[in-house]
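Containing compact mmCIF, C-alpha atoms: upload_22.txt.
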# COMPACT_ATOMS: atom_id res chain seq x y z
CA MET A 1484 61.76 16.82 41.87
CA GLN A 1485 59.46 17.38 38.88
CA LYS A 1486 61.82 15.33 36.66
CA ASN A 1487 61.69 12.41 39.11
CA PHE A 1488 57.89 12.65 39.22
CA LEU A 1489 57.68 12.42 35.41
CA ILE A 1490 59.96 9.38 35.40
CA VAL A 1491 57.69 7.67 37.93
CA ILE A 1492 54.60 8.48 35.82
CA LYS A 1493 56.24 7.03 32.69
CA LEU A 1494 57.17 3.90 34.62
CA LEU A 1495 53.60 3.47 35.87
CA ARG A 1496 52.28 3.86 32.34
CA LYS A 1497 54.62 1.15 31.12
CA LEU A 1498 53.61 -1.20 33.93
CA PHE A 1499 49.86 -0.65 33.87
CA GLY A 1500 49.23 0.53 30.32
CA TYR A 1501 48.15 4.07 31.19
CA GLY A 1502 48.47 6.42 28.27
CA ILE A 1503 48.82 3.63 25.70
CA ARG A 1504 46.56 4.32 22.73
CA ILE A 1505 43.91 1.66 22.19
CA MET A 1506 43.93 0.06 18.74
CA ASN A 1507 40.88 0.82 16.60
CA TYR A 1508 39.44 -1.85 14.30
CA LEU A 1509 36.92 -1.80 11.48
CA VAL A 1510 35.35 -5.21 10.72
CA THR A 1511 33.33 -5.43 7.52
CA ALA A 1512 30.62 -7.83 8.74
CA SER A 1513 28.52 -8.42 11.85
CA SER A 1514 26.22 -11.02 10.33
CA GLY A 1515 26.81 -14.07 8.18
CA PHE A 1516 28.75 -17.04 9.51
CA VAL A 1517 32.11 -15.53 10.49
CA GLY A 1518 30.77 -11.99 11.01
CA ALA A 1519 28.03 -13.01 13.47
CA ASN A 1520 30.43 -15.11 15.54
CA PHE A 1521 32.99 -12.28 15.54
CA PHE A 1522 30.38 -9.72 16.60
CA SER A 1523 29.21 -11.94 19.48
CA GLN A 1524 32.78 -12.14 20.84
CA TYR A 1525 34.40 -8.74 20.16
CA LYS A 1526 33.96 -7.46 23.73
CA ASN A 1527 36.43 -10.14 24.83
CA PHE A 1528 39.21 -8.66 22.68
CA LYS A 1529 41.52 -5.71 23.31
CA GLY A 1530 40.78 -2.57 21.33
CA GLU A 1531 37.80 -0.66 19.99
CA TYR A 1532 35.73 -2.39 17.30
CA ASN A 1533 33.31 -1.02 14.73
CA PHE A 1534 31.32 -3.30 12.43
CA PHE A 1535 29.56 -2.81 9.11
CA SER A 1536 26.01 -4.16 9.04
CA ARG A 1537 23.28 -4.32 6.41
CA ASP A 1538 20.69 -4.80 9.15
CA LYS A 1539 18.98 -1.49 9.94
CA ASN A 1540 17.37 -3.04 13.02
CA LYS A 1541 20.71 -3.79 14.67
CA SER A 1542 21.03 -1.06 17.28
CA ASN A 1543 24.52 -0.88 18.74
CA SER A 1544 26.97 1.99 19.12
CA ASN A 1545 29.63 -0.17 17.42
CA ILE A 1546 27.49 -0.75 14.32
CA ILE A 1547 27.81 1.27 11.11
CA TYR A 1548 24.89 0.65 8.76
CA PHE A 1549 26.29 -0.08 5.33
CA ASP A 1550 24.95 -1.79 2.20
CA TYR A 1551 27.87 -3.21 0.21
CA PHE A 1552 25.95 -3.09 -3.06
CA LYS A 1553 24.41 0.38 -2.75
CA ASP A 1554 26.29 2.65 -0.36
CA HIS A 1555 29.37 4.77 -0.94
CA LEU A 1556 32.41 4.19 1.30
CA ASN A 1557 32.67 7.31 3.44
CA GLU A 1558 36.23 8.23 4.41
CA LEU A 1559 34.93 9.16 7.87
CA PHE A 1560 34.43 5.42 8.53
CA PHE A 1561 38.23 5.10 8.54
CA GLU A 1562 39.06 8.04 10.84
CA ASN A 1563 41.59 6.83 13.45
CA ILE A 1564 41.23 3.21 12.27
CA ASP A 1565 44.45 1.20 12.69
CA VAL A 1566 43.33 -2.13 11.24
CA VAL A 1567 40.64 -3.12 8.74
CA ILE A 1568 39.52 -6.75 9.05
CA HIS A 1569 37.67 -7.64 5.87
CA VAL A 1570 35.48 -10.71 6.42
CA ALA A 1571 32.41 -9.75 4.39
CA GLY A 1572 32.10 -11.86 1.28
CA PHE A 1573 29.91 -13.93 -0.96
CA ALA A 1574 29.75 -17.44 0.51
CA HIS A 1575 31.09 -20.47 -1.34
CA THR A 1576 27.83 -21.91 -2.60
CA GLU A 1577 26.22 -23.09 -5.81
CA ILE A 1578 26.72 -20.17 -8.22
CA ASN A 1579 24.41 -21.18 -11.02
CA SER A 1580 23.00 -17.92 -12.35
CA ILE A 1581 24.26 -14.70 -13.93
CA LYS A 1582 22.80 -12.74 -10.99
CA LEU A 1583 24.72 -14.75 -8.39
CA LYS A 1584 27.94 -14.52 -10.41
CA LYS A 1585 27.54 -10.74 -10.57
CA GLU A 1586 26.93 -10.46 -6.81
CA CYS A 1587 29.86 -12.78 -6.05
CA ASP A 1588 32.24 -10.70 -8.16
CA GLU A 1589 30.91 -7.39 -6.81
CA LEU A 1590 31.32 -8.37 -3.15
CA ASN A 1591 34.43 -10.56 -3.24
CA TYR A 1592 36.42 -8.50 -5.75
CA ASP A 1593 34.96 -5.05 -6.50
CA PHE A 1594 34.12 -4.17 -2.90
CA THR A 1595 37.48 -5.45 -1.62
CA LYS A 1596 39.21 -3.23 -4.17
CA LYS A 1597 37.22 -0.14 -3.13
CA LEU A 1598 37.69 -0.89 0.56
CA VAL A 1599 41.47 -1.28 0.48
CA LEU A 1600 41.96 1.84 -1.66
CA VAL A 1601 40.06 4.02 0.83
CA ALA A 1602 41.86 2.33 3.76
CA ASN A 1603 45.20 3.06 2.11
CA LYS A 1604 44.24 6.67 1.43
CA MET A 1605 43.25 7.10 5.09
CA ASN A 1606 46.61 5.71 6.30
CA VAL A 1607 45.25 2.51 7.86
CA LYS A 1608 48.27 0.55 9.16
CA LYS A 1609 47.09 -2.97 8.41
CA PHE A 1610 44.52 -4.57 6.10
CA ILE A 1611 43.50 -8.20 6.75
CA PHE A 1612 41.53 -10.05 4.09
CA LEU A 1613 39.74 -13.32 4.84
CA SER A 1614 40.14 -15.30 1.64
CA SER A 1615 39.78 -19.00 0.91
CA VAL A 1616 41.96 -21.93 -0.14
CA LYS A 1617 39.63 -22.00 -3.17
CA ALA A 1618 41.60 -19.00 -4.46
CA ALA A 1619 44.38 -21.49 -5.26
CA GLY A 1620 42.01 -23.42 -7.54
CA ASN A 1621 40.63 -26.94 -7.34
CA LEU A 1622 43.64 -28.76 -5.95
CA THR A 1623 44.36 -32.35 -5.01
CA GLY A 1624 47.10 -33.52 -2.69
CA LYS A 1625 48.14 -33.47 0.95
CA ASN A 1626 49.76 -30.82 3.13
CA LEU A 1627 49.60 -28.19 0.38
CA ASP A 1628 51.18 -24.82 1.14
CA GLU A 1629 50.67 -21.21 -0.02
CA ASN A 1630 52.58 -21.86 -3.26
CA ALA A 1631 50.22 -24.58 -4.51
CA ALA A 1632 48.01 -23.52 -7.43
CA SER A 1633 45.74 -25.04 -10.05
CA ARG A 1634 44.58 -23.73 -13.40
CA GLU A 1635 41.16 -25.22 -12.72
CA ILE A 1636 39.25 -22.75 -10.56
CA ASP A 1637 35.55 -22.14 -9.93
CA PHE A 1638 33.84 -18.74 -10.06
CA TYR A 1639 33.97 -18.24 -6.29
CA GLY A 1640 37.68 -19.06 -6.16
CA LEU A 1641 38.37 -16.77 -9.10
CA SER A 1642 36.65 -13.82 -7.39
CA LYS A 1643 38.83 -14.34 -4.29
CA LYS A 1644 41.98 -14.80 -6.41
CA LYS A 1645 41.36 -11.54 -8.28
CA ALA A 1646 40.98 -9.73 -4.94
CA GLU A 1647 44.19 -11.31 -3.64
CA ASP A 1648 46.12 -10.29 -6.75
CA PHE A 1649 44.91 -6.70 -6.47
CA LEU A 1650 45.87 -6.55 -2.78
CA LEU A 1651 49.35 -7.97 -3.38
CA ASN A 1652 49.93 -5.57 -6.27
CA LEU A 1653 48.86 -2.63 -4.09
CA SER A 1654 51.20 -3.78 -1.31
CA THR A 1655 54.20 -3.06 -3.57
CA LYS A 1656 53.18 0.62 -3.68
CA SER A 1657 51.92 1.07 -0.11
CA ASP A 1658 53.33 1.14 3.42
CA MET A 1659 50.19 -0.61 4.69
CA GLU A 1660 50.66 -4.25 5.74
CA ILE A 1661 48.29 -6.45 3.74
CA ILE A 1662 47.63 -9.89 5.24
CA ILE A 1663 45.67 -12.50 3.27
CA LEU A 1664 44.33 -15.43 5.30
CA ARG A 1665 43.25 -18.35 3.14
CA SER A 1666 40.75 -20.28 5.20
CA SER A 1667 40.08 -23.99 4.81
CA LEU A 1668 36.51 -25.30 5.27
CA ILE A 1669 35.00 -23.55 8.32
CA TYR A 1670 32.84 -25.34 10.89
CA GLY A 1671 31.21 -24.19 14.13
CA ASN A 1672 28.15 -22.30 15.38
CA ASN A 1673 25.61 -21.59 12.61
CA MET A 1674 27.80 -23.15 9.91
CA LYS A 1675 26.56 -23.14 6.34
CA GLY A 1676 26.60 -25.30 3.22
CA ASN A 1677 27.19 -29.04 3.14
CA LEU A 1678 28.32 -29.25 6.77
CA ASN A 1679 25.07 -27.65 7.92
CA TYR A 1680 23.11 -30.11 5.77
CA LEU A 1681 25.05 -33.07 7.25
CA GLN A 1682 24.47 -31.74 10.77
CA LYS A 1683 20.71 -31.52 10.22
CA LEU A 1684 20.59 -35.08 8.85
CA ALA A 1685 22.67 -36.30 11.79
CA LYS A 1686 20.39 -34.70 14.39
CA LYS A 1687 17.45 -36.51 12.78
CA GLY A 1688 19.39 -39.77 12.91
CA CYS A 1689 19.40 -39.98 9.10
CA LEU A 1690 23.12 -39.87 8.41
CA PRO A 1691 24.48 -43.23 7.22
CA ARG A 1692 27.85 -44.81 7.90
CA ILE A 1693 30.39 -44.66 5.09
CA ASN A 1694 33.64 -46.38 4.21
CA SER A 1695 36.14 -43.84 2.91
CA THR A 1696 39.47 -43.46 4.69
CA THR A 1697 41.63 -42.43 1.73
CA ASP A 1698 40.30 -38.90 1.20
CA SER A 1699 41.74 -36.04 3.24
CA GLN A 1700 40.38 -32.57 3.99
CA SER A 1701 41.43 -29.57 6.05
CA MET A 1702 39.02 -27.64 8.25
CA ILE A 1703 39.02 -24.90 10.89
CA HIS A 1704 36.63 -23.84 13.65
CA VAL A 1705 35.05 -20.41 13.23
CA ASN A 1706 36.49 -19.31 16.60
CA ASP A 1707 39.98 -20.19 15.36
CA VAL A 1708 39.32 -18.16 12.21
CA ILE A 1709 38.51 -15.17 14.42
CA LYS A 1710 41.58 -15.91 16.56
CA SER A 1711 43.77 -15.91 13.42
CA LEU A 1712 42.33 -12.53 12.38
CA ILE A 1713 43.10 -11.02 15.81
CA PHE A 1714 46.53 -12.68 15.84
CA SER A 1715 47.33 -11.19 12.42
CA ALA A 1716 46.20 -7.76 13.61
CA GLU A 1717 48.24 -7.76 16.82
CA ASN A 1718 51.39 -9.64 15.79
CA THR A 1719 54.17 -7.37 14.52
CA LYS A 1720 56.13 -10.29 13.06
CA ILE A 1721 53.51 -11.12 10.45
CA LYS A 1722 54.20 -9.32 7.20
CA THR A 1723 52.40 -8.75 3.91
CA GLY A 1724 51.60 -12.05 2.21
CA ILE A 1725 49.34 -15.09 2.02
CA TYR A 1726 48.84 -17.42 5.00
CA ILE A 1727 46.75 -20.61 5.10
CA ILE A 1728 44.68 -21.30 8.24
CA THR A 1729 43.56 -24.78 9.34
CA ASP A 1730 43.11 -26.56 12.67
CA GLY A 1731 46.14 -28.70 11.81
CA ILE A 1732 44.18 -31.95 11.48
CA GLU A 1733 43.48 -34.01 8.35
CA TYR A 1734 39.91 -35.29 8.21
CA ASN A 1735 38.42 -37.98 6.01
CA ILE A 1736 34.73 -38.15 5.21
CA GLU A 1737 34.24 -41.24 7.38
CA LYS A 1738 35.56 -39.38 10.43
CA ILE A 1739 33.37 -36.36 9.63
CA PHE A 1740 30.27 -38.53 9.28
CA GLU A 1741 30.97 -40.39 12.52
CA THR A 1742 31.51 -37.10 14.37
CA PHE A 1743 28.15 -35.76 13.19
CA ARG A 1744 26.44 -39.07 13.89
CA GLY A 1745 27.48 -38.58 17.51
CA LEU A 1746 25.00 -35.68 17.69
CA SER A 1747 22.11 -38.15 17.75
CA SER A 1748 21.48 -41.01 20.18
CA ASN A 1749 19.04 -42.56 17.74
CA ASN A 1750 20.88 -43.29 14.49
CA LEU A 1751 18.41 -44.92 12.13
CA LEU A 1752 20.95 -45.77 9.42
CA ASN A 1753 23.60 -48.00 10.97
CA PHE A 1754 24.50 -49.83 7.78
CA ARG A 1755 27.60 -49.03 5.74
CA THR A 1756 26.80 -47.09 2.56
CA PRO A 1757 29.08 -47.68 -0.45
CA LYS A 1758 30.61 -44.55 -1.97
CA VAL A 1759 28.94 -45.36 -5.29
CA ILE A 1760 25.51 -44.74 -3.73
CA PHE A 1761 26.50 -41.16 -2.98
CA PHE A 1762 27.75 -40.81 -6.54
CA ILE A 1763 24.43 -42.02 -7.99
CA CYS A 1764 22.47 -39.72 -5.64
CA SER A 1765 24.65 -36.77 -6.71
CA ILE A 1766 23.88 -37.39 -10.41
CA ILE A 1767 20.14 -37.56 -9.66
CA GLY A 1768 20.45 -34.46 -7.48
CA SER A 1769 22.24 -32.54 -10.24
CA PHE A 1770 19.33 -33.35 -12.59
CA PHE A 1771 16.75 -32.13 -10.04
CA ASN A 1772 18.87 -29.00 -9.47
CA LEU A 1773 18.15 -27.93 -13.06
CA PHE A 1774 14.55 -27.28 -12.02
CA PHE A 1775 14.75 -26.39 -8.32
CA ARG A 1776 17.41 -26.04 -5.60
CA PHE A 1777 18.46 -29.53 -4.52
CA PRO A 1778 20.81 -29.98 -1.50
CA PHE A 1779 23.03 -32.74 -2.91
CA THR A 1780 24.58 -32.49 -6.37
CA TYR A 1781 27.67 -33.77 -8.15
CA LYS A 1782 29.56 -30.68 -6.94
CA SER A 1783 28.59 -31.59 -3.37
CA TYR A 1784 29.87 -35.12 -3.98
CA ILE A 1785 33.24 -33.82 -5.23
CA LYS A 1786 33.57 -31.57 -2.17
CA LEU A 1787 32.79 -34.40 0.24
CA PHE A 1788 35.13 -36.93 -1.30
CA SER A 1789 37.97 -34.67 -2.39
CA ASN A 1790 41.52 -35.55 -1.40
CA CYS A 1791 42.97 -32.17 -0.53
CA SER A 1792 44.54 -30.97 2.71
CA PHE A 1793 46.52 -27.83 3.51
CA SER A 1794 49.32 -26.81 5.84
CA SER A 1795 49.11 -23.77 8.13
CA GLN A 1796 52.75 -24.12 9.17
CA LYS A 1797 53.74 -20.70 7.79
CA LEU A 1798 51.43 -18.92 10.25
CA ARG A 1799 52.16 -21.38 13.08
CA ASP A 1800 55.86 -20.62 12.77
CA LEU A 1801 54.99 -17.05 13.76
CA GLY A 1802 53.24 -18.22 16.94
CA TYR A 1803 49.66 -18.92 15.86
CA ASN A 1804 47.93 -22.02 17.22
CA SER A 1805 44.37 -23.33 17.00
CA ASP A 1806 42.19 -24.23 19.98
CA TYR A 1807 39.49 -26.42 18.42
CA ASP A 1808 39.01 -29.58 16.38
CA LEU A 1809 35.88 -31.08 14.88
So, in terms of structure tokens, how does the structure I just supplied come out?
Amino acid sequence: MQKNFLIVIKLLRKLFGYGIRIMNYLVTASSGFVGANFFSQYKNFKGEYNFFSRDKNKSNSNIIYFDYFKDHLNELFFENIDVVIHVAGFAHTEINSIKLKKECDELNYDFTKKLVLVANKMNVKKFIFLSSVKAAGNLTGKNLDENAASREIDFYGLSKKKAEDFLLNLSTKSDMEIIILRSSLIYGNNMKGNLNYLQKLAKKGCLPRINSTTDSQSMIHVNDVIKSLIFSAENTKIKTGIYIITDGIEYNIEKIFETFRGLSSNNLLNFRTPKVIFFICSIIGSFFNLFFRFPFTYKSYIKLFSNCSFSSQKLRDLGYNSDYDL
């Protein structure tokens, strides 16, 4: 009788999930672009989530106050943690000072190194690192995969690449799964950088039309970035390695401009602007940037008009799919 009762209990647990241990996650950011969006959504996901935050005023039982530049990583943070999702990082922006280079390297490389070593020591099962396609260098071409690489690489990309190399080297000596997600350009709520600047201009009706259909860029919505992080954490088929994430669409700058122009019903600049005008403005902007921060420089011009798109087929073959487009 007792044996039959135990069999019934086991069956009920299988059917309804009773007795199944909930997965515990540690996410390394609750602010910033990806971190803030992740934090606003985590209650919709299965599992228990804890977040690092540098904001002392953020009162939440799921928040662990932590300053990446000052505080020591306490092993207690990793007690019973199954998956570390590392999204904290120095943003891809103009790195034009020794101070910014130091901070970029400390956060993107040094902190990643410290974090994964403690996670490994505390027997975390899976470590997911949000990297960038910039870790492959400044590439040109279409439908590039995880094997594409360039010798030309900026400081931001180099800091991510060094972190990736350390993680992959550690994976050869560890049982922990180490997943590296190389994100393409991220758009969505509270986006940063050039896209944010274009959005502000568009809302004011000050974004011109442009003729440029030859360039090609890959992008991904911030919610799809978060979805890829959760997918990588939950999917048992995904193994240690590098995976590119995009929304699967190739964008050109004309399409991006027209999409943003749709944000305003009163577009003041309806004339077509030759590409050369943007080039001239970028040269002038680079000169002004020597003296004060100017929003449009030659680097901005290169980013806007680059011809570089990536394939996320490797991750899609494992079942991942994106929900958003620009």
The centre and edge lengths of an axis-aligned box containing all atoms of stretch 1517-1529 of chain A present in the file, extended by 8 Å on each side, are to be given in Å to one decimal, as AutoDock Vina command-line options.
--center_x 34.8 --center_y -10.6 --center_z 17.7 --size_x 29.5 --size_y 25.8 --size_z 30.3
Notebook entry, point to check: Quick one, how far is atom CA of A:Ile1728 from atom CA of A:Ser1667?
Noted result: 6.3 Å
Notebook entry, point to check: Between A:Leu1664, A:Met1605, A:Ala1632, A:Leu1746, which has the minimum distance to A:Ile1709 (counting only C-alpha atoms)?
Noted result: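 Closest to A:Ile1709, using only C-alpha atoms: A:Leu1664.
Here the question is which of A:Ser1666, A:Asn1507, A:Ser1792, A:Thr1719 gets nearest to A:Ile1568 using all atoms listed in the file, and that residue is A:Asn1507.
The coordinates place atom CA of A:Asn1677 at 25.1 Å from atom CA of A:Gln1524.
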Next item on the list: To one decimal in Å, tell me the separation between atom CA of A:Ile1611 and atom CA of A:Tyr1726.
Entry: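 So the two atoms, atom CA of A:Ile1611 and atom CA of A:Tyr1726, lie 10.8 Å apart.
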Next item on the list: Quick one: everything within 9 Å of A:Lys1625, counting only C-alpha atoms, minus sequence neighbours fewer than 6 positions away in the same chain. Send it as a ChimeraX atom specification.
Entry: /A:1699-1700,1733,1790-1794
Check: Using only C-alpha atoms, which of A:Leu1627, A:Ala1646, A:Leu1690, A:Val1705 sits nearest A:Ser1795?
Finding: A:Leu1627
Item checked: Contact residues around A:Tyr1784 with only C-alpha atoms at 10 Å, ignoring same-chain residues under 5 positions, as a list in words -> Asn1677, Lys1758, Phe1761, Phe1762, Ile1763, Cys1764, Ser1765, Ile1766, Phe1779 and Ser1789 of chain A
At most 12 Å from (20.7, 0.6, 12.1), file frame, all atoms listed in the file: which residues, as an mmCIF file with C-alpha atoms, in the coordinates of the input?
data_model
loop_
_atom_site.group_PDB
_atom_site.id
_atom_site.type_symbol
_atom_site.label_atom_id
_atom_site.label_comp_id
_atom_site.auth_asym_id
_atom_site.auth_seq_id
_atom_site.Cartn_x
_atom_site.Cartn_y
_atom_site.Cartn_z
ATOM 1 C CA SER A 1513 28.520 -8.420 11.850
ATOM 2 C CA PHE A 1534 31.320 -3.300 12.430
ATOM 3 C CA PHE A 1535 29.560 -2.810 9.110
ATOM 4 C CA SER A 1536 26.010 -4.160 9.040
ATOM 5 C CA ARG A 1537 23.280 -4.320 6.410
ATOM 6 C CA ASP A 1538 20.690 -4.800 9.150
ATOM 7 C CA LYS A 1539 18.980 -1.490 9.940
ATOM 8 C CA ASN A 1540 17.370 -3.040 13.020
ATOM 9 C CA LYS A 1541 20.710 -3.790 14.670
ATOM 10 C CA SER A 1542 21.030 -1.060 17.280
ATOM 11 C CA ASN A 1543 24.520 -0.880 18.740
ATOM 12 C CA SER A 1544 26.970 1.990 19.120
ATOM 13 C CA ASN A 1545 29.630 -0.170 17.420
ATOM 14 C CA ILE A 1546 27.490 -0.750 14.320
ATOM 15 C CA ILE A 1547 27.810 1.270 11.110
ATOM 16 C CA TYR A 1548 24.890 0.650 8.760
ATOM 17 C CA PHE A 1549 26.290 -0.080 5.330
ATOM 18 C CA ASP A 1550 24.950 -1.790 2.200
#
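Restricting the calculation to all atoms listed in the file, the smallest distance between A:Gly1671 and any of A:Leu1801, A:Lys1645, A:Ser1514, A:Leu1809 is found for A:Leu1809.
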Next item on the list: Can you work out which one of A:Leu1751, A:Ile1767, A:Ile1739, A:Ile1760 has the shortest atom-to-atom distance to A:Gln1682, counting all atoms listed in the file?
Entry: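 Among A:Leu1751, A:Ile1767, A:Ile1739, A:Ile1760, it is A:Ile1739 that comes nearest to A:Gln1682.
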